[in-house]
Amino acid sequence: MGEKNLSFVLEKPGSVKYEDRPVPEIQDPHDVIVNVQYTGICGSDVHYWTKGRIGDFVVTSPMVLGHESAGVIASVGPAVSSLKPGDRVAMEPGIPCRYCVRCKEGSYNQCPDMRFAATPPYDGTLARYYRLPEDFCYKLPGSVSLEEGALVEPAAVGVHICKMAKVAPGESVVVFGAGPVGLLCCRVARDVFGAKKVVVVDVNEERLQFALKYAATHGFKADAASPADNAERMKKEAELGPGADVVIDASGAEVCIQTAVHVARMGGRFTQGGMGKPDITFPIVAMCSKELTVTGSFRYSSGDYQLVVDMIESGKLDVKSLITKKVAFEDAEEAFQSVKEGKAIKCLIEGPK
């Protein structure tokens with residue numbers, strides 16, 4: 001594998017550098033070493049780059065960025081049976097303890113000892129080589145590219161949100177936010193879980209038009225009216241009748257969350273997937289009087305990654321259309337800048353040569 005592991009390192013907010021770090025070694029018999037080929041950039045990566053923290057997770061020492069990756073198996077531990085060198089894989093970046101109650105019940109995304117890539121103090125995947133357990137690497141079928149493999153991570157977020165919302169065939173779904181996760185929620189709700197009507201909500205006209213071509217059946221551009229008034233207008237324009245069966249917020253914006261509660265029907269379901277301010281004003285009377293089922297959604301859990309790989313292979317889930325551009329590893333900061341400025345839906349960084 002050579003002696004160098006070129007990595008893209010965040011030193012402090014706004015300051016990054018390239019650094020040769022030790023090549024990871026097999027530590028457990030079930031470990032594999034992956035030669036990373038593509039890494040996507042998401043909002044959390046940009047937030048660490050600009051702010052150096054997300055909530056209680058604070059960058060206090062240099063940290064390798066990136067967590068949406070795919071690559072090629074470079075070496076395997078002596079107990080690995082499902083993978084071999086040369087296999088192409090999507091990389092799931094969060095490793096739970098496997099022993100706690102949450103892990104044992106299948107909700108390993110709730111593990112209190114989760115080690116998640118590019119979340120302090122753990123290094124991310126923007127490097128030449130990265131170590132993972134074999135069962136957190138998902139072999140890509142021949143028809144699925146490595147570029148698509150890098151998008152399995154955000155797609156798994158969309159799958160998990162739709163699972164938490166219990167999207168069912170024939171239902172109406174409203175999704176707030178036409179960023180990558182929101183777009184994937186639209187596509188997954190319609191083409192994987194069978195929703196009949198999918199309304200996407202955003203303030204960016206360009207994003208709305210893309211969403212209509214990509215996945216949504218209806219688009220809605222909110223204005224300066226109150227959340228309740230925007231909800232009523234949306235019901236009329238999108239012909240939602242008494243309201244949507246399912247409402248998903250993938251924006252994290254307070255006004256979107258408020259509007260989401262108002263646009264849900266009596267007895268409907270609301271799932272919060274986007275993260276914004278830690279505390280907001282919430283329309284609790286509307287929630288209670290409608291007897292809404294309200295859930296949060298965090299990352300992904302058992303079965304989500306494999307479902308995404310299967311759906312991409314079958315052609316039911318298109319992730320390739322979300323790729324705006326690819327940049328070389330030496331131009332990695334350009335990808336961060338593009339996402340920050342809203343010039344790209346999904347940028348991929350090629351692994352170091």
# chains A, B, ... in the order shown; residues from 1 in each chain; ligands from 1

call {"tool": "residues_around", "arguments": {"residues": "segment 33-38 of chain A", "least_positions_apart": "2", "cutoff": "10 Å", "atoms": "only C-alpha atoms", "output": "number ranges by chain"}}
result
A: 1, 5, 23-26, 31, 40, 68-77, 85-91, 125-134, 137, 146-151, 326-329, 347-353

call {"tool": "residues_around", "arguments": {"residues": "Gly241 of chain A", "least_positions_apart": "5", "cutoff": "9 Å", "atoms": "only C-alpha atoms", "output": "list in words"}}
result
Lys235, Lys236 and Arg265 of chain A

call {"tool": "closest_residue", "arguments": {"among": "A:Ala231, A:Cys288, A:Ala216, A:Leu184", "to": "Gly273 of chain A", "atoms": "only C-alpha atoms"}}
result
A:Leu184

call {"tool": "closest_residue", "arguments": {"among": "A:Asp304, A:Glu206, A:Asp229, A:Asp279", "to": "Glu92 of chain A", "atoms": "only C-alpha atoms"}}
result
A:Asp304

call {"tool": "select_by_dssp", "arguments": {"residues": "segment 306-336 of chain A", "states": "strand (DSSP E or B)", "output": "list in words"}}
result
Ile323, Thr324, Lys325, Lys326 and Val327 of chain A

call {"tool": "decode", "arguments": {"residues": "segment 198-247 of chain A", "atoms": "N, CA and C atoms", "output": "CSV table (one decimal), in the first residue's frame"}}
result
chain,number,residue,atom,x,y,z
A,198,VAL,N,-45.8,13.9,-3.8
A,198,VAL,CA,-44.7,14.4,-3.0
A,198,VAL,C,-44.5,15.9,-3.3
A,199,VAL,N,-44.7,16.7,-2.3
A,199,VAL,CA,-44.6,18.2,-2.4
A,199,VAL,C,-43.3,18.6,-1.8
A,200,VAL,N,-42.4,19.3,-2.5
A,200,VAL,CA,-41.2,19.8,-2.0
A,200,VAL,C,-41.3,21.3,-1.8
A,201,VAL,N,-40.8,21.8,-0.6
A,201,VAL,CA,-40.9,23.2,-0.2
A,201,VAL,C,-39.5,23.8,-0.1
A,202,ASP,N,-39.3,25.0,-0.7
A,202,ASP,CA,-38.0,25.7,-0.6
A,202,ASP,C,-38.2,27.1,-1.0
A,203,VAL,N,-37.2,27.9,-0.7
A,203,VAL,CA,-37.3,29.4,-1.2
A,203,VAL,C,-36.5,29.6,-2.4
A,204,ASN,N,-35.7,28.6,-2.8
A,204,ASN,CA,-34.8,28.7,-3.9
A,204,ASN,C,-35.5,28.2,-5.2
A,205,GLU,N,-35.8,29.0,-6.1
A,205,GLU,CA,-36.5,28.6,-7.3
A,205,GLU,C,-35.7,27.6,-8.1
A,206,GLU,N,-34.4,27.7,-8.2
A,206,GLU,CA,-33.6,26.8,-9.0
A,206,GLU,C,-33.7,25.4,-8.4
A,207,ARG,N,-33.6,25.3,-7.0
A,207,ARG,CA,-33.7,24.1,-6.3
A,207,ARG,C,-35.0,23.4,-6.5
A,208,LEU,N,-36.1,24.2,-6.5
A,208,LEU,CA,-37.4,23.7,-6.7
A,208,LEU,C,-37.6,23.1,-8.1
A,209,GLN,N,-37.1,23.8,-9.1
A,209,GLN,CA,-37.2,23.2,-10.4
A,209,GLN,C,-36.4,21.9,-10.6
A,210,PHE,N,-35.2,21.9,-9.9
A,210,PHE,CA,-34.5,20.6,-10.0
A,210,PHE,C,-35.3,19.5,-9.3
A,211,ALA,N,-35.9,19.8,-8.1
A,211,ALA,CA,-36.6,18.8,-7.4
A,211,ALA,C,-37.8,18.3,-8.2
A,212,LEU,N,-38.4,19.1,-9.0
A,212,LEU,CA,-39.6,18.7,-9.8
A,212,LEU,C,-39.1,17.7,-10.9
A,213,LYS,N,-38.0,18.0,-11.4
A,213,LYS,CA,-37.4,17.1,-12.4
A,213,LYS,C,-36.9,15.8,-11.8
A,214,TYR,N,-36.4,15.9,-10.6
A,214,TYR,CA,-35.7,14.7,-10.0
A,214,TYR,C,-36.7,13.8,-9.3
A,215,ALA,N,-37.7,14.3,-8.5
A,215,ALA,CA,-38.5,13.4,-7.7
A,215,ALA,C,-39.8,13.9,-7.3
A,216,ALA,N,-40.0,15.2,-7.1
A,216,ALA,CA,-41.3,15.8,-6.5
A,216,ALA,C,-42.4,15.8,-7.6
A,217,THR,N,-43.6,15.7,-7.2
A,217,THR,CA,-44.7,15.9,-8.1
A,217,THR,C,-45.2,17.3,-8.0
A,218,HIS,N,-45.0,18.0,-6.9
A,218,HIS,CA,-45.4,19.4,-6.8
A,218,HIS,C,-44.3,20.2,-6.1
A,219,GLY,N,-44.2,21.5,-6.4
A,219,GLY,CA,-43.3,22.4,-5.7
A,219,GLY,C,-44.0,23.5,-5.1
A,220,PHE,N,-43.5,24.0,-4.0
A,220,PHE,CA,-44.1,25.1,-3.3
A,220,PHE,C,-43.0,26.1,-2.8
A,221,LYS,N,-43.2,27.4,-3.1
A,221,LYS,CA,-42.3,28.4,-2.7
A,221,LYS,C,-42.9,29.2,-1.6
A,222,ALA,N,-42.4,29.1,-0.4
A,222,ALA,CA,-43.0,29.9,0.7
A,222,ALA,C,-42.7,31.4,0.6
A,223,ASP,N,-43.6,32.2,1.2
A,223,ASP,CA,-43.4,33.6,1.1
A,223,ASP,C,-43.4,34.1,2.6
A,224,ALA,N,-43.5,35.4,2.8
A,224,ALA,CA,-43.4,36.1,4.1
A,224,ALA,C,-44.6,35.9,5.0
A,225,ALA,N,-45.6,35.2,4.5
A,225,ALA,CA,-46.8,35.0,5.3
A,225,ALA,C,-46.5,34.2,6.5
A,226,SER,N,-47.5,34.1,7.4
A,226,SER,CA,-47.3,33.3,8.6
A,226,SER,C,-47.2,31.8,8.3
A,227,PRO,N,-46.6,31.0,9.1
A,227,PRO,CA,-46.6,29.5,8.9
A,227,PRO,C,-48.0,29.0,8.6
A,228,ALA,N,-49.0,29.4,9.4
A,228,ALA,CA,-50.3,28.8,9.2
A,228,ALA,C,-50.9,29.2,7.8
A,229,ASP,N,-50.6,30.5,7.4
A,229,ASP,CA,-51.1,30.9,6.1
A,229,ASP,C,-50.4,30.2,5.0
A,230,ASN,N,-49.1,30.1,5.1
A,230,ASN,CA,-48.4,29.3,4.0
A,230,ASN,C,-48.9,27.9,4.0
A,231,ALA,N,-49.2,27.3,5.1
A,231,ALA,CA,-49.7,25.9,5.1
A,231,ALA,C,-51.0,25.8,4.4
A,232,GLU,N,-51.9,26.8,4.6
A,232,GLU,CA,-53.2,26.8,4.0
A,232,GLU,C,-53.1,27.0,2.5
A,233,ARG,N,-52.2,27.9,2.1
A,233,ARG,CA,-51.9,28.1,0.6
A,233,ARG,C,-51.4,26.8,0.0
A,234,MET,N,-50.5,26.1,0.7
A,234,MET,CA,-49.9,24.9,0.2
A,234,MET,C,-51.0,23.8,0.0
A,235,LYS,N,-51.9,23.7,1.0
A,235,LYS,CA,-52.9,22.7,0.8
A,235,LYS,C,-53.8,22.9,-0.4
A,236,LYS,N,-54.0,24.2,-0.7
A,236,LYS,CA,-54.8,24.5,-1.9
A,236,LYS,C,-54.1,24.3,-3.2
A,237,GLU,N,-52.8,24.8,-3.3
A,237,GLU,CA,-52.1,24.8,-4.5
A,237,GLU,C,-51.7,23.3,-4.8
A,238,ALA,N,-51.3,22.5,-3.8
A,238,ALA,CA,-50.9,21.2,-4.1
A,238,ALA,C,-52.0,20.2,-3.9
A,239,GLU,N,-53.3,20.7,-3.7
A,239,GLU,CA,-54.5,19.8,-3.6
A,239,GLU,C,-54.3,18.7,-2.6
A,240,LEU,N,-53.9,19.2,-1.4
A,240,LEU,CA,-53.7,18.3,-0.2
A,240,LEU,C,-54.9,18.0,0.6
A,241,GLY,N,-56.0,18.6,0.2
A,241,GLY,CA,-57.3,18.5,1.0
A,241,GLY,C,-57.1,18.9,2.4
A,242,PRO,N,-57.4,18.1,3.4
A,242,PRO,CA,-57.3,18.5,4.8
A,242,PRO,C,-55.9,18.6,5.3
A,243,GLY,N,-54.9,18.2,4.4
A,243,GLY,CA,-53.5,18.2,4.8
A,243,GLY,C,-52.8,17.0,4.4
A,244,ALA,N,-51.5,17.0,4.6
A,244,ALA,CA,-50.6,15.9,4.1
A,244,ALA,C,-50.7,14.7,5.1
A,245,ASP,N,-50.6,13.5,4.6
A,245,ASP,CA,-50.5,12.3,5.5
A,245,ASP,C,-49.2,12.3,6.2
A,246,VAL,N,-48.1,12.7,5.6
A,246,VAL,CA,-46.7,12.7,6.1
A,246,VAL,C,-46.0,14.0,5.8
A,247,VAL,N,-45.4,14.6,6.8
A,247,VAL,CA,-44.6,15.8,6.6
A,247,VAL,C,-43.2,15.6,7.2
